[in-house]
$ cat entry_34.pdb   # PDB, C-alpha atoms
ATOM      1  CA  MET X   1      18.844 -13.353   4.592
ATOM      2  CA  THR X   2      19.008 -16.284   2.168
ATOM      3  CA  ALA X   3      22.227 -18.252   2.075
ATOM      4  CA  VAL X   4      23.872 -18.526  -1.323
ATOM      5  CA  PRO X   5      25.199 -22.002  -2.158
ATOM      6  CA  LEU X   6      28.826 -21.806  -3.291
ATOM      7  CA  GLY X   7      29.030 -25.329  -4.689
ATOM      8  CA  VAL X   8      31.545 -26.438  -2.088
ATOM      9  CA  PRO X   9      31.155 -30.194  -1.418
ATOM     10  CA  GLU X  10      30.460 -31.308   2.111
ATOM     11  CA  VAL X  11      33.453 -32.647   3.962
ATOM     12  CA  PRO X  12      32.738 -36.216   5.093
ATOM     13  CA  ALA X  13      32.843 -36.752   8.822
ATOM     14  CA  ARG X  14      36.193 -38.088   9.953
ATOM     15  CA  PRO X  15      35.902 -41.545  11.525
ATOM     16  CA  VAL X  16      36.960 -41.967  15.130
ATOM     17  CA  ALA X  17      39.431 -44.625  13.972
ATOM     18  CA  PRO X  18      40.274 -46.161  10.587
ATOM     19  CA  ARG X  19      38.489 -49.400   9.792
ATOM     20  CA  ARG X  20      40.434 -52.589  10.336
ATOM     21  CA  GLN X  21      41.510 -54.124   7.042
ATOM     22  CA  SER X  22      40.015 -57.581   6.588
ATOM     23  CA  ARG X  23      39.177 -60.137   3.952
ATOM     24  CA  GLN X  24      35.794 -59.859   2.313
ATOM     25  CA  ILE X  25      33.247 -62.632   2.038
ATOM     26  CA  GLN X  26      29.830 -62.686   0.410
ATOM     27  CA  VAL X  27      26.773 -63.728   2.409
ATOM     28  CA  GLY X  28      24.392 -63.995  -0.483
ATOM     29  CA  PRO X  29      24.460 -60.530  -2.088
ATOM     30  CA  VAL X  30      25.790 -58.868   1.069
ATOM     31  CA  PRO X  31      29.535 -58.173   1.280
ATOM     32  CA  VAL X  32      31.024 -58.606   4.749
ATOM     33  CA  GLY X  33      34.457 -57.253   5.627
ATOM     34  CA  GLY X  34      36.976 -55.786   3.230
ATOM     35  CA  GLY X  35      35.769 -52.225   3.765
ATOM     36  CA  ALA X  36      32.066 -53.007   3.310
ATOM     37  CA  PRO X  37      29.748 -51.031   5.614
ATOM     38  CA  VAL X  38      29.145 -52.573   9.021
ATOM     39  CA  SER X  39      25.988 -54.597   8.673
ATOM     40  CA  VAL X  40      23.358 -56.036  10.980
ATOM     41  CA  GLN X  41      22.073 -59.588  11.257
ATOM     42  CA  SER X  42      19.076 -60.734  13.247
ATOM     43  CA  MET X  43      18.018 -64.152  14.443
ATOM     44  CA  THR X  44      14.523 -65.558  14.463
ATOM     45  CA  THR X  45      12.876 -66.623  17.727
ATOM     46  CA  THR X  46      10.554 -69.199  16.184
ATOM     47  CA  ARG X  47      11.039 -72.922  15.844
ATOM     48  CA  THR X  48      12.682 -73.180  12.451
ATOM     49  CA  SER X  49      10.568 -76.230  11.649
ATOM     50  CA  ASP X  50       7.521 -73.932  11.736
ATOM     51  CA  ILE X  51       8.133 -72.614   8.239
ATOM     52  CA  GLY X  52       5.196 -70.208   8.145
ATOM     53  CA  ALA X  53       6.006 -68.535  11.444
ATOM     54  CA  THR X  54       9.688 -68.326  10.606
ATOM     55  CA  LEU X  55       9.083 -66.739   7.208
ATOM     56  CA  GLN X  56       6.622 -64.294   8.790
ATOM     57  CA  GLN X  57       9.237 -63.189  11.282
ATOM     58  CA  ILE X  58      11.861 -62.903   8.556
ATOM     59  CA  ALA X  59       9.475 -60.665   6.607
ATOM     60  CA  GLU X  60       9.024 -58.442   9.662
ATOM     61  CA  LEU X  61      12.781 -58.234  10.158
ATOM     62  CA  THR X  62      13.273 -57.418   6.493
ATOM     63  CA  ALA X  63      10.725 -54.609   6.741
ATOM     64  CA  SER X  64      12.572 -53.201   9.756
ATOM     65  CA  GLY X  65      15.839 -52.991   7.810
ATOM     66  CA  CYS X  66      17.552 -56.296   8.594
ATOM     67  CA  GLN X  67      19.753 -57.568   5.778
ATOM     68  CA  ILE X  68      20.716 -61.096   6.877
ATOM     69  CA  VAL X  69      18.825 -63.472   9.139
ATOM     70  CA  ARG X  70      20.005 -66.478  11.136
ATOM     71  CA  VAL X  71      17.853 -69.475  12.038
ATOM     72  CA  ALA X  72      18.678 -72.180  14.582
ATOM     73  CA  CYS X  73      18.970 -75.782  13.430
ATOM     74  CA  PRO X  74      19.250 -78.188  16.384
ATOM     75  CA  THR X  75      16.890 -80.901  15.058
ATOM     76  CA  GLN X  76      16.220 -82.860  11.893
ATOM     77  CA  ASP X  77      12.846 -81.162  11.475
ATOM     78  CA  ASP X  78      14.613 -77.808  11.455
ATOM     79  CA  ALA X  79      17.132 -79.057   8.889
ATOM     80  CA  ASP X  80      14.303 -80.292   6.664
ATOM     81  CA  ALA X  81      12.756 -76.805   6.687
ATOM     82  CA  LEU X  82      15.900 -74.946   5.613
ATOM     83  CA  ALA X  83      15.527 -75.359   1.848
ATOM     84  CA  THR X  84      12.045 -73.834   1.796
ATOM     85  CA  ILE X  85      13.009 -71.004   4.132
ATOM     86  CA  ALA X  86      16.192 -70.200   2.203
ATOM     87  CA  ARG X  87      14.285 -70.183  -1.088
ATOM     88  CA  LYS X  88      11.394 -68.007   0.076
ATOM     89  CA  SER X  89      13.264 -65.570   2.327
ATOM     90  CA  GLN X  90      13.794 -62.082   0.914
ATOM     91  CA  ILE X  91      17.162 -61.817   2.641
ATOM     92  CA  PRO X  92      20.057 -64.305   2.947
ATOM     93  CA  VAL X  93      19.540 -67.051   5.520
ATOM     94  CA  ILE X  94      22.301 -68.358   7.778
ATOM     95  CA  ALA X  95      21.817 -71.742   9.438
ATOM     96  CA  ASP X  96      22.985 -71.890  13.072
ATOM     97  CA  ILE X  97      24.159 -75.463  13.630
ATOM     98  CA  HIS X  98      24.309 -77.340  16.912
ATOM     99  CA  PHE X  99      25.165 -80.857  18.017
ATOM    100  CA  GLN X 100      25.188 -82.870  14.775
ATOM    101  CA  PRO X 101      27.634 -82.210  11.907
ATOM    102  CA  LYS X 102      25.128 -83.711   9.469
ATOM    103  CA  TYR X 103      23.106 -80.509   9.813
ATOM    104  CA  VAL X 104      26.040 -78.517   8.418
ATOM    105  CA  PHE X 105      25.865 -80.525   5.212
ATOM    106  CA  ALA X 106      22.073 -80.273   5.179
ATOM    107  CA  ALA X 107      22.259 -76.474   5.427
ATOM    108  CA  ILE X 108      24.805 -76.243   2.625
ATOM    109  CA  GLU X 109      22.732 -78.498   0.384
ATOM    110  CA  ALA X 110      19.588 -76.506   1.250
ATOM    111  CA  GLY X 111      21.099 -73.383  -0.265
ATOM    112  CA  CYS X 112      21.648 -71.355   2.887
ATOM    113  CA  ALA X 113      23.735 -68.251   2.269
ATOM    114  CA  ALA X 114      26.137 -69.187   5.071
ATOM    115  CA  VAL X 115      26.480 -71.573   7.996
ATOM    116  CA  ARG X 116      27.419 -70.784  11.583
ATOM    117  CA  VAL X 117      29.131 -73.581  13.490
ATOM    118  CA  ASN X 118      29.930 -73.735  17.181
ATOM    119  CA  PRO X 119      32.901 -76.107  17.439
ATOM    120  CA  GLY X 120      32.266 -76.420  21.175
ATOM    121  CA  ASN X 121      29.012 -78.318  20.874
ATOM    122  CA  ILE X 122      29.138 -80.158  17.539
ATOM    123  CA  LYS X 123      30.012 -83.810  17.910
ATOM    124  CA  LYS X 124      33.543 -84.615  16.684
ATOM    125  CA  PHE X 125      33.625 -81.365  14.756
ATOM    126  CA  ASP X 126      37.375 -81.304  14.109
ATOM    127  CA  ASP X 127      37.166 -84.711  12.430
ATOM    128  CA  GLN X 128      34.572 -83.358   9.993
ATOM    129  CA  VAL X 129      36.363 -80.187   8.884
ATOM    130  CA  LYS X 130      37.798 -81.666   5.675
ATOM    131  CA  GLU X 131      34.383 -82.777   4.423
ATOM    132  CA  ILE X 132      32.706 -79.548   5.557
ATOM    133  CA  ALA X 133      35.371 -77.445   3.819
ATOM    134  CA  ARG X 134      34.947 -79.395   0.589
ATOM    135  CA  ALA X 135      31.153 -79.100   0.623
ATOM    136  CA  ALA X 136      31.224 -75.404   1.504
ATOM    137  CA  LYS X 137      33.770 -74.660  -1.215
ATOM    138  CA  ASP X 138      31.791 -76.601  -3.837
ATOM    139  CA  HIS X 139      28.628 -74.625  -3.023
ATOM    140  CA  GLY X 140      30.304 -71.263  -2.368
ATOM    141  CA  THR X 141      28.975 -71.202   1.194
ATOM    142  CA  PRO X 142      30.833 -69.111   3.815
ATOM    143  CA  ILE X 143      31.338 -70.490   7.313
ATOM    144  CA  ARG X 144      31.187 -68.513  10.540
ATOM    145  CA  ILE X 145      33.270 -70.021  13.309
ATOM    146  CA  GLY X 146      31.200 -69.002  16.317
ATOM    147  CA  VAL X 147      33.139 -69.553  19.524
ATOM    148  CA  ASN X 148      31.049 -69.084  22.658
ATOM    149  CA  ALA X 149      32.255 -68.740  26.255
ATOM    150  CA  GLY X 150      29.495 -71.044  27.472
ATOM    151  CA  SER X 151      30.556 -73.966  25.305
ATOM    152  CA  LEU X 152      34.313 -73.653  25.150
ATOM    153  CA  ASP X 153      36.418 -76.768  24.647
ATOM    154  CA  ARG X 154      37.089 -78.457  27.967
ATOM    155  CA  ARG X 155      40.816 -78.625  27.228
ATOM    156  CA  LEU X 156      40.976 -74.846  26.908
ATOM    157  CA  LEU X 157      39.025 -74.411  30.135
ATOM    158  CA  GLN X 158      41.566 -76.607  31.864
ATOM    159  CA  LYS X 159      44.455 -74.681  30.301
ATOM    160  CA  TYR X 160      43.187 -71.186  31.124
ATOM    161  CA  GLY X 161      40.965 -71.914  34.126
ATOM    162  CA  LYS X 162      37.952 -70.172  32.581
ATOM    163  CA  ALA X 163      36.762 -68.587  29.352
ATOM    164  CA  THR X 164      39.417 -65.872  29.087
ATOM    165  CA  PRO X 165      39.992 -63.712  26.004
ATOM    166  CA  GLU X 166      43.057 -65.811  25.245
ATOM    167  CA  ALA X 167      41.031 -69.026  25.420
ATOM    168  CA  LEU X 168      38.354 -67.710  23.072
ATOM    169  CA  VAL X 169      40.911 -66.488  20.553
ATOM    170  CA  GLU X 170      42.916 -69.712  20.666
ATOM    171  CA  SER X 171      39.783 -71.743  20.008
ATOM    172  CA  ALA X 172      38.758 -69.596  17.043
ATOM    173  CA  LEU X 173      42.178 -69.522  15.414
ATOM    174  CA  TRP X 174      42.636 -73.266  15.897
ATOM    175  CA  GLU X 175      39.392 -74.005  14.079
ATOM    176  CA  ALA X 176      40.237 -71.496  11.333
ATOM    177  CA  SER X 177      43.609 -73.178  10.848
ATOM    178  CA  LEU X 178      41.884 -76.532  10.287
ATOM    179  CA  PHE X 179      39.834 -75.031   7.470
ATOM    180  CA  GLU X 180      42.933 -73.328   6.067
ATOM    181  CA  GLU X 181      44.705 -76.692   5.878
ATOM    182  CA  HIS X 182      42.069 -77.715   3.343
ATOM    183  CA  GLY X 183      42.290 -74.497   1.346
ATOM    184  CA  PHE X 184      39.094 -72.954   2.708
ATOM    185  CA  ARG X 185      39.242 -69.320   3.793
ATOM    186  CA  ASP X 186      35.711 -68.107   3.162
ATOM    187  CA  ILE X 187      35.351 -67.555   6.902
ATOM    188  CA  LYS X 188      34.186 -65.001   9.426
ATOM    189  CA  ILE X 189      34.727 -65.368  13.166
ATOM    190  CA  SER X 190      32.988 -64.493  16.417
ATOM    191  CA  VAL X 191      34.261 -64.891  19.994
ATOM    192  CA  LYS X 192      31.315 -64.138  22.268
ATOM    193  CA  HIS X 193      31.280 -63.731  26.034
ATOM    194  CA  ASN X 194      28.619 -62.520  28.462
ATOM    195  CA  ASP X 195      31.042 -60.022  30.034
ATOM    196  CA  PRO X 196      31.549 -57.027  27.699
ATOM    197  CA  VAL X 197      35.036 -56.377  29.097
ATOM    198  CA  VAL X 198      36.184 -59.918  28.273
ATOM    199  CA  MET X 199      34.415 -59.801  24.922
ATOM    200  CA  ILE X 200      36.070 -56.517  23.934
ATOM    201  CA  GLU X 201      39.535 -57.786  24.816
ATOM    202  CA  ALA X 202      38.943 -61.065  22.954
ATOM    203  CA  TYR X 203      38.014 -59.225  19.774
ATOM    204  CA  ARG X 204      40.958 -56.868  20.113
ATOM    205  CA  GLN X 205      43.340 -59.810  20.350
ATOM    206  CA  LEU X 206      41.633 -61.611  17.493
ATOM    207  CA  ALA X 207      41.802 -58.533  15.256
ATOM    208  CA  GLU X 208      45.558 -58.359  15.782
ATOM    209  CA  ARG X 209      46.124 -62.019  14.885
ATOM    210  CA  CYS X 210      44.020 -62.556  11.764
ATOM    211  CA  ASP X 211      42.432 -60.720   8.871
ATOM    212  CA  TYR X 212      39.110 -62.545   8.806
ATOM    213  CA  PRO X 213      35.956 -60.433   9.058
ATOM    214  CA  LEU X 214      34.598 -60.338  12.591
ATOM    215  CA  HIS X 215      31.019 -60.823  13.742
ATOM    216  CA  LEU X 216      30.626 -58.903  17.002
ATOM    217  CA  GLY X 217      28.400 -60.279  19.725
ATOM    218  CA  VAL X 218      27.716 -60.443  23.459
ATOM    219  CA  THR X 219      26.302 -63.799  24.515
ATOM    220  CA  GLU X 220      23.804 -64.278  27.354
ATOM    221  CA  ALA X 221      23.349 -60.515  27.445
ATOM    222  CA  GLY X 222      20.213 -60.780  29.574
ATOM    223  CA  PRO X 223      16.813 -59.046  29.412
ATOM    224  CA  ALA X 224      16.218 -56.314  26.863
ATOM    225  CA  PHE X 225      17.206 -53.289  28.970
ATOM    226  CA  GLN X 226      20.305 -54.876  30.487
ATOM    227  CA  GLY X 227      21.313 -56.519  27.230
ATOM    228  CA  THR X 228      20.951 -53.334  25.217
ATOM    229  CA  ILE X 229      23.335 -51.536  27.567
ATOM    230  CA  LYS X 230      25.887 -54.360  27.569
ATOM    231  CA  SER X 231      25.753 -54.663  23.798
ATOM    232  CA  ALA X 232      25.971 -50.901  23.249
ATOM    233  CA  VAL X 233      29.044 -50.665  25.479
ATOM    234  CA  ALA X 234      30.800 -53.558  23.762
ATOM    235  CA  PHE X 235      29.909 -52.663  20.184
ATOM    236  CA  GLY X 236      30.557 -48.976  20.699
ATOM    237  CA  ALA X 237      34.025 -49.620  22.084
ATOM    238  CA  LEU X 238      35.013 -51.936  19.240
ATOM    239  CA  LEU X 239      33.405 -50.052  16.371
ATOM    240  CA  SER X 240      34.904 -46.778  17.570
ATOM    241  CA  GLN X 241      38.322 -48.414  17.200
ATOM    242  CA  GLY X 242      37.612 -49.647  13.693
ATOM    243  CA  GLY X 243      36.985 -53.267  14.666
ATOM    244  CA  GLY X 244      34.156 -55.485  13.494
ATOM    245  CA  ASP X 245      32.432 -56.030  10.181
ATOM    246  CA  GLY X 246      29.003 -56.998  11.444
ATOM    247  CA  ARG X 247      27.213 -56.781  14.727
ATOM    248  CA  PRO X 248      24.285 -58.249  16.600
ATOM    249  CA  GLY X 249      21.606 -56.013  18.079
ATOM    250  CA  ARG X 250      19.520 -56.649  21.141
ATOM    251  CA  HIS X 251      16.713 -59.122  21.149
ATOM    252  CA  GLY X 252      13.983 -57.457  23.181
ATOM    253  CA  GLY X 253      13.175 -60.208  25.663
ATOM    254  CA  ALA X 254      13.949 -63.128  23.392
ATOM    255  CA  ALA X 255      16.570 -64.417  25.813
ATOM    256  CA  ALA X 256      13.746 -65.477  28.047
ATOM    257  CA  GLY X 257      11.812 -67.030  25.210
ATOM    258  CA  ARG X 258       9.743 -63.947  24.476
ATOM    259  CA  GLY X 259       9.833 -61.084  22.013
ATOM    260  CA  ASP X 260       8.807 -60.719  18.410
ATOM    261  CA  GLY X 261      12.304 -60.807  16.953
ATOM    262  CA  VAL X 262      12.144 -57.226  15.713
ATOM    263  CA  CYS X 263      12.926 -55.201  18.847
ATOM    264  CA  GLY X 264      16.651 -55.816  18.616
ATOM    265  CA  GLN X 265      16.734 -54.546  15.056
ATOM    266  CA  ARG X 266      15.369 -51.207  16.234
ATOM    267  CA  SER X 267      17.962 -50.829  18.983
ATOM    268  CA  GLY X 268      20.681 -50.195  16.423
ATOM    269  CA  ARG X 269      18.793 -47.447  14.633
ATOM    270  CA  GLY X 270      18.091 -43.823  15.356
ATOM    271  CA  PRO X 271      14.792 -41.899  15.129
ATOM    272  CA  ARG X 272      12.498 -43.040  12.311
ATOM    273  CA  GLY X 273      14.758 -45.968  11.541
ATOM    274  CA  ARG X 274      17.823 -43.937  10.638
ATOM    275  CA  PRO X 275      21.004 -46.010  11.028
ATOM    276  CA  ARG X 276      23.490 -45.186  13.752
ATOM    277  CA  GLY X 277      27.229 -45.661  13.837
ATOM    278  CA  GLY X 278      27.956 -45.965  10.117
ATOM    279  CA  LEU X 279      25.611 -48.891   9.489
ATOM    280  CA  ARG X 280      24.192 -49.586   6.062
ATOM    281  CA  GLN X 281      21.287 -47.422   4.979
ATOM    282  CA  ARG X 282      18.202 -49.552   5.651
ATOM    283  CA  GLN X 283      20.379 -52.599   5.554
ATOM    284  CA  GLY X 284      22.251 -54.731   7.918
ATOM    285  CA  THR X 285      25.026 -58.332   8.990
ATOM    286  CA  ASP X 286      25.127 -59.380  12.524
ATOM    287  CA  LEU X 287      22.268 -58.421  14.835
ATOM    288  CA  ARG X 288      21.783 -61.217  17.323
ATOM    289  CA  GLN X 289      18.177 -61.748  18.304
ATOM    290  CA  GLY X 290      18.385 -64.850  20.471
ATOM    291  CA  ARG X 291      16.427 -67.987  19.807
ATOM    292  CA  GLY X 292      13.255 -67.613  21.865
ATOM    293  CA  ASP X 293      11.027 -70.658  21.689
ATOM    294  CA  GLN X 294      13.682 -72.415  19.632
ATOM    295  CA  ASP X 295      15.771 -72.596  22.800
ATOM    296  CA  ARG X 296      13.242 -74.885  24.371
ATOM    297  CA  ALA X 297      13.399 -77.445  21.586
ATOM    298  CA  ARG X 298      14.110 -80.843  23.035
ATOM    299  CA  VAL X 299      16.913 -82.255  20.989
ATOM    300  CA  GLU X 300      16.513 -85.972  20.435
ATOM    301  CA  ASP X 301      19.699 -86.926  18.636
ATOM    302  CA  ARG X 302      22.693 -85.827  20.713
ATOM    303  CA  GLY X 303      24.345 -89.213  20.876
ATOM    304  CA  ASP X 304      27.902 -88.515  21.984
ATOM    305  CA  PRO X 305      28.398 -88.981  25.749
ATOM    306  CA  ASP X 306      31.609 -86.942  25.531
ATOM    307  CA  ARG X 307      29.502 -83.994  24.423
ATOM    308  CA  GLY X 308      26.614 -84.399  26.798
ATOM    309  CA  GLY X 309      24.636 -87.035  24.934
ATOM    310  CA  HIS X 310      23.315 -88.305  28.247
ATOM    311  CA  GLU X 311      21.451 -84.998  28.620
ATOM    312  CA  ALA X 312      19.917 -85.039  25.164
ATOM    313  CA  ARG X 313      16.517 -83.801  26.344
ATOM    314  CA  ARG X 314      17.694 -80.893  28.459
ATOM    315  CA  GLU X 315      15.591 -77.796  27.834
ATOM    316  CA  GLN X 316      17.800 -74.755  27.425
ATOM    317  CA  GLU X 317      16.331 -71.290  27.709
ATOM    318  CA  PRO X 318      19.081 -68.670  28.273
ATOM    319  CA  VAL X 319      20.434 -68.716  24.703
ATOM    320  CA  GLY X 320      20.971 -71.258  21.969
ATOM    321  CA  PRO X 321      21.284 -75.008  22.488
ATOM    322  CA  GLY X 322      24.638 -75.840  24.052
ATOM    323  CA  GLU X 323      25.393 -72.233  24.974
ATOM    324  CA  LEU X 324      24.416 -72.194  28.633
ATOM    325  CA  ARG X 325      25.851 -70.095  31.395
ATOM    326  CA  GLN X 326      29.396 -70.979  32.330
ATOM    327  CA  ASP X 327      28.397 -72.335  35.733
ATOM    328  CA  THR X 328      26.225 -75.027  34.119
ATOM    329  CA  GLN X 329      27.855 -75.477  30.717
ATOM    330  CA  ARG X 330      30.904 -77.298  32.047
ATOM    331  CA  GLU X 331      28.621 -80.037  33.259
ATOM    332  CA  GLY X 332      26.716 -80.162  29.976
ATOM    333  CA  ALA X 333      27.893 -79.792  26.438
ATOM    334  CA  ARG X 334      31.508 -80.894  26.785
ATOM    335  CA  GLU X 335      31.564 -83.398  29.644
TER     336      GLU X 335
END

$ encode --input "entry_34.pdb" --output "structure tokens"
Amino acid sequence: MTAVPLGVPEVPARPVAPRRQSRQIQVGPVPVGGGAPVSVQSMTTTRTSDIGATLQQIAELTASGCQIVRVACPTQDDADALATIARKSQIPVIADIHFQPKYVFAAIEAGCAAVRVNPGNIKKFDDQVKEIARAAKDHGTPIRIGVNAGSLDRRLLQKYGKATPEALVESALWEASLFEEHGFRDIKISVKHNDPVVMIEAYRQLAERCDYPLHLGVTEAGPAFQGTIKSAVAFGALLSQGGGDGRPGRHGGAAAGRGDGVCGQRSGRGPRGRPRGGLRQRQGTDLRQGRGDQDRARVEDRGDPDRGGHEARREQEPVGPGELRQDTQREGARE
């Protein structure tokens, strides 16, 4: 028997929890926060200075549905490549800055859609906030304050004993307040930890204390299988409660310097590339891929002994430069 359509509209599925209300920023053409769909961002695993390889990987990520891409910028050669990459990329490019504040200005001038800063491993970052805020405002460039458990300020480690949720949140809100003092609020925030339980609690606390859009992420998640599980647990818990405006996906071996940079994009999608969990249709904001070969870049210009300048040539493989495991980081980036 053939069913007769009655013209009754489909009832939309009820969300598990209402979305958290947040500010909205624009990363290029992509809205983040403020009720925009949760989006997915990936990160390249090439050396950013290798423009051809980086653009090739960005093209592959774009074809797989990624909407925003992040590239690491720990060296001057990487900074010099940003303008070409930002101009030729089909999707907005975010520069991931480490060690030297001059790279923040270079990324803004290069036309990157946004800049991610890790206050824990950028030399004298707090002293540079006024100038960074002015430059970012003049160019309309959003800033992500990316706090990482592996490179937390030494003073907070002494206060809390370790990278607790409270320590991560305090660090993020302190840095946000510095930007606010200079009238800059085009900000999103992340507070990443390798333990999903700590990460979930940190984001819950952060969501209660600010209205900035949140970039979800588990740092040092491990190999692809382990990392996918850890990320799924953390993201699922937070997204089911209405938290988060963008999320990283898994990076398919890139944590060990391998992987093609596309595997993680697929982990957040269902059969035949169909989005899961209310993500954008064939689009995405915060899918963390890891940095692959970029992690091994020997950084020549870390000159501040208070931030580990005496270990300027350390080769770092677990994640990004300056974001080592907690048992080694305390002896590195901040001492």

$ closest_atom_pairs --input "entry_34.pdb" --of "range 23-97 of chain X" --to "range 209-221 of chain X" --cutoff "7 Å" --atoms "all atoms listed in the file" --output "CSV"
residue,atom,partner,partner_atom,distance
X:Arg23,CA,X:Tyr212,CA,5.4
X:Gln24,CA,X:Pro213,CA,6.8
X:Val32,CA,X:Pro213,CA,6.8
X:Gly33,CA,X:Pro213,CA,4.9

$ closest_residue --input "entry_34.pdb" --among "X:Ile229, X:Leu61, X:Ala136, X:Val147" --to "Asn121 in chain X" --atoms "all atoms listed in the file"
X:Val147

$ closest_residue --input "entry_34.pdb" --among "X:Arg134, X:Asp126, X:Val191, X:Ala59" --to "Leu152 in chain X" --atoms "only C-alpha atoms"
X:Val191

$ atom_distance --input "entry_34.pdb" --atom1 "CA of Ala72 in chain X" --atom2 "CA of Gln100 in chain X"
12.5 Å

$ atom_distance --input "entry_34.pdb" --atom1 "CA of Val169 in chain X" --atom2 "CA of Leu206 in chain X"
5.8 Å

$ atom_distance --input "entry_34.pdb" --atom1 "CA of Ile189 in chain X" --atom2 "CA of Arg116 in chain X"
9.2 Å

$ resolve_selection --input "entry_34.pdb" --expression "the PyMOL selection byres ((chain X and resi 104-109) around 9)" --output "list in words"
Cys73, Ala79, Asp80, Leu82, Ala83, Ile94, Ala95, Asp96, Ile97, His98, Gln100, Pro101, Lys102, Tyr103, Ala110, Gly111, Cys112, Ala113, Ala114, Val115, Arg116, Val117, Glu131, Ile132, Ala135, Ala136, His139, Gly140 and Thr141 of chain X

$ resolve_selection --input "entry_34.pdb" --expression "the PyMOL selection byres ((chain X and resi 193) around 10)" --output "MDAnalysis selection string"
chainID X and resid 147:150 163:165 168 190:192 194:200 202 217:221 325:326

$ closest_residue --input "entry_34.pdb" --among "X:Ile187, X:Ala167, X:Ala17, X:Ala176" --to "Lys137 in chain X" --atoms "all atoms listed in the file"
X:Ile187

$ axis_aligned_box --input "entry_34.pdb" --around "range 207-214 of chain X" --padding-each-side "5 Å" --output "lines of an AutoDock Vina configuration file"
center_x = 40.4
center_y = -60.5
center_z = 12.3
size_x = 21.5
size_y = 14.2
size_z = 17.0

$ closest_residue --input "entry_34.pdb" --among "X:Ala86, X:Ile91, X:Ile25, X:Ala133" --to "Glu180 in chain X" --atoms "all atoms listed in the file"
X:Ala133

$ residues_around --input "entry_34.pdb" --residues "Gln241 in chain X" --least-positions-apart "3" --cutoff "7 Å" --atoms "only C-alpha atoms" --output "PyMOL selection string"
chain X and resi 16-17+237-238

$ closest_residue --input "entry_34.pdb" --among "X:Gln41, X:Thr84, X:Ser177, X:Gln128" --to "Gln67 in chain X" --atoms "all atoms listed in the file"
X:Gln41

$ decode --input "entry_34.pdb" --residues "range 230-234 of chain X" --atoms "all heavy atoms" --output "PDB file, in the first residue's frame"
ATOM      1  N   LYS X 230      39.667   8.896  23.094  1.00  0.00           N
ATOM      2  CA  LYS X 230      39.746   9.976  24.080  1.00  0.00           C
ATOM      3  C   LYS X 230      39.013  11.214  23.585  1.00  0.00           C
ATOM      4  O   LYS X 230      38.275  11.861  24.335  1.00  0.00           O
ATOM      5  CB  LYS X 230      41.214  10.303  24.375  1.00  0.00           C
ATOM      6  CG  LYS X 230      41.931   9.215  25.146  1.00  0.00           C
ATOM      7  CD  LYS X 230      43.418   9.495  25.247  1.00  0.00           C
ATOM      8  CE  LYS X 230      43.730  10.654  26.148  1.00  0.00           C
ATOM      9  NZ  LYS X 230      45.190  10.812  26.364  1.00  0.00           N
ATOM     10  N   SER X 231      39.214  11.547  22.316  1.00  0.00           N
ATOM     11  CA  SER X 231      38.568  12.728  21.763  1.00  0.00           C
ATOM     12  C   SER X 231      37.054  12.543  21.694  1.00  0.00           C
ATOM     13  O   SER X 231      36.292  13.458  22.005  1.00  0.00           O
ATOM     14  CB  SER X 231      39.126  13.023  20.373  1.00  0.00           C
ATOM     15  OG  SER X 231      40.506  13.322  20.428  1.00  0.00           O
ATOM     16  N   ALA X 232      36.615  11.356  21.280  1.00  0.00           N
ATOM     17  CA  ALA X 232      35.175  11.104  21.169  1.00  0.00           C
ATOM     18  C   ALA X 232      34.495  11.221  22.527  1.00  0.00           C
ATOM     19  O   ALA X 232      33.399  11.787  22.645  1.00  0.00           O
ATOM     20  CB  ALA X 232      34.934   9.721  20.564  1.00  0.00           C
ATOM     21  N   VAL X 233      35.150  10.688  23.554  1.00  0.00           N
ATOM     22  CA  VAL X 233      34.582  10.771  24.912  1.00  0.00           C
ATOM     23  C   VAL X 233      34.459  12.231  25.342  1.00  0.00           C
ATOM     24  O   VAL X 233      33.403  12.671  25.825  1.00  0.00           O
ATOM     25  CB  VAL X 233      35.455   9.985  25.900  1.00  0.00           C
ATOM     26  CG1 VAL X 233      35.042  10.293  27.342  1.00  0.00           C
ATOM     27  CG2 VAL X 233      35.353   8.485  25.635  1.00  0.00           C
ATOM     28  N   ALA X 234      35.539  12.983  25.160  1.00  0.00           N
ATOM     29  CA  ALA X 234      35.551  14.370  25.623  1.00  0.00           C
ATOM     30  C   ALA X 234      34.578  15.234  24.830  1.00  0.00           C
ATOM     31  O   ALA X 234      33.769  15.978  25.402  1.00  0.00           O
ATOM     32  CB  ALA X 234      36.970  14.936  25.518  1.00  0.00           C
TER      33      ALA X 234
END
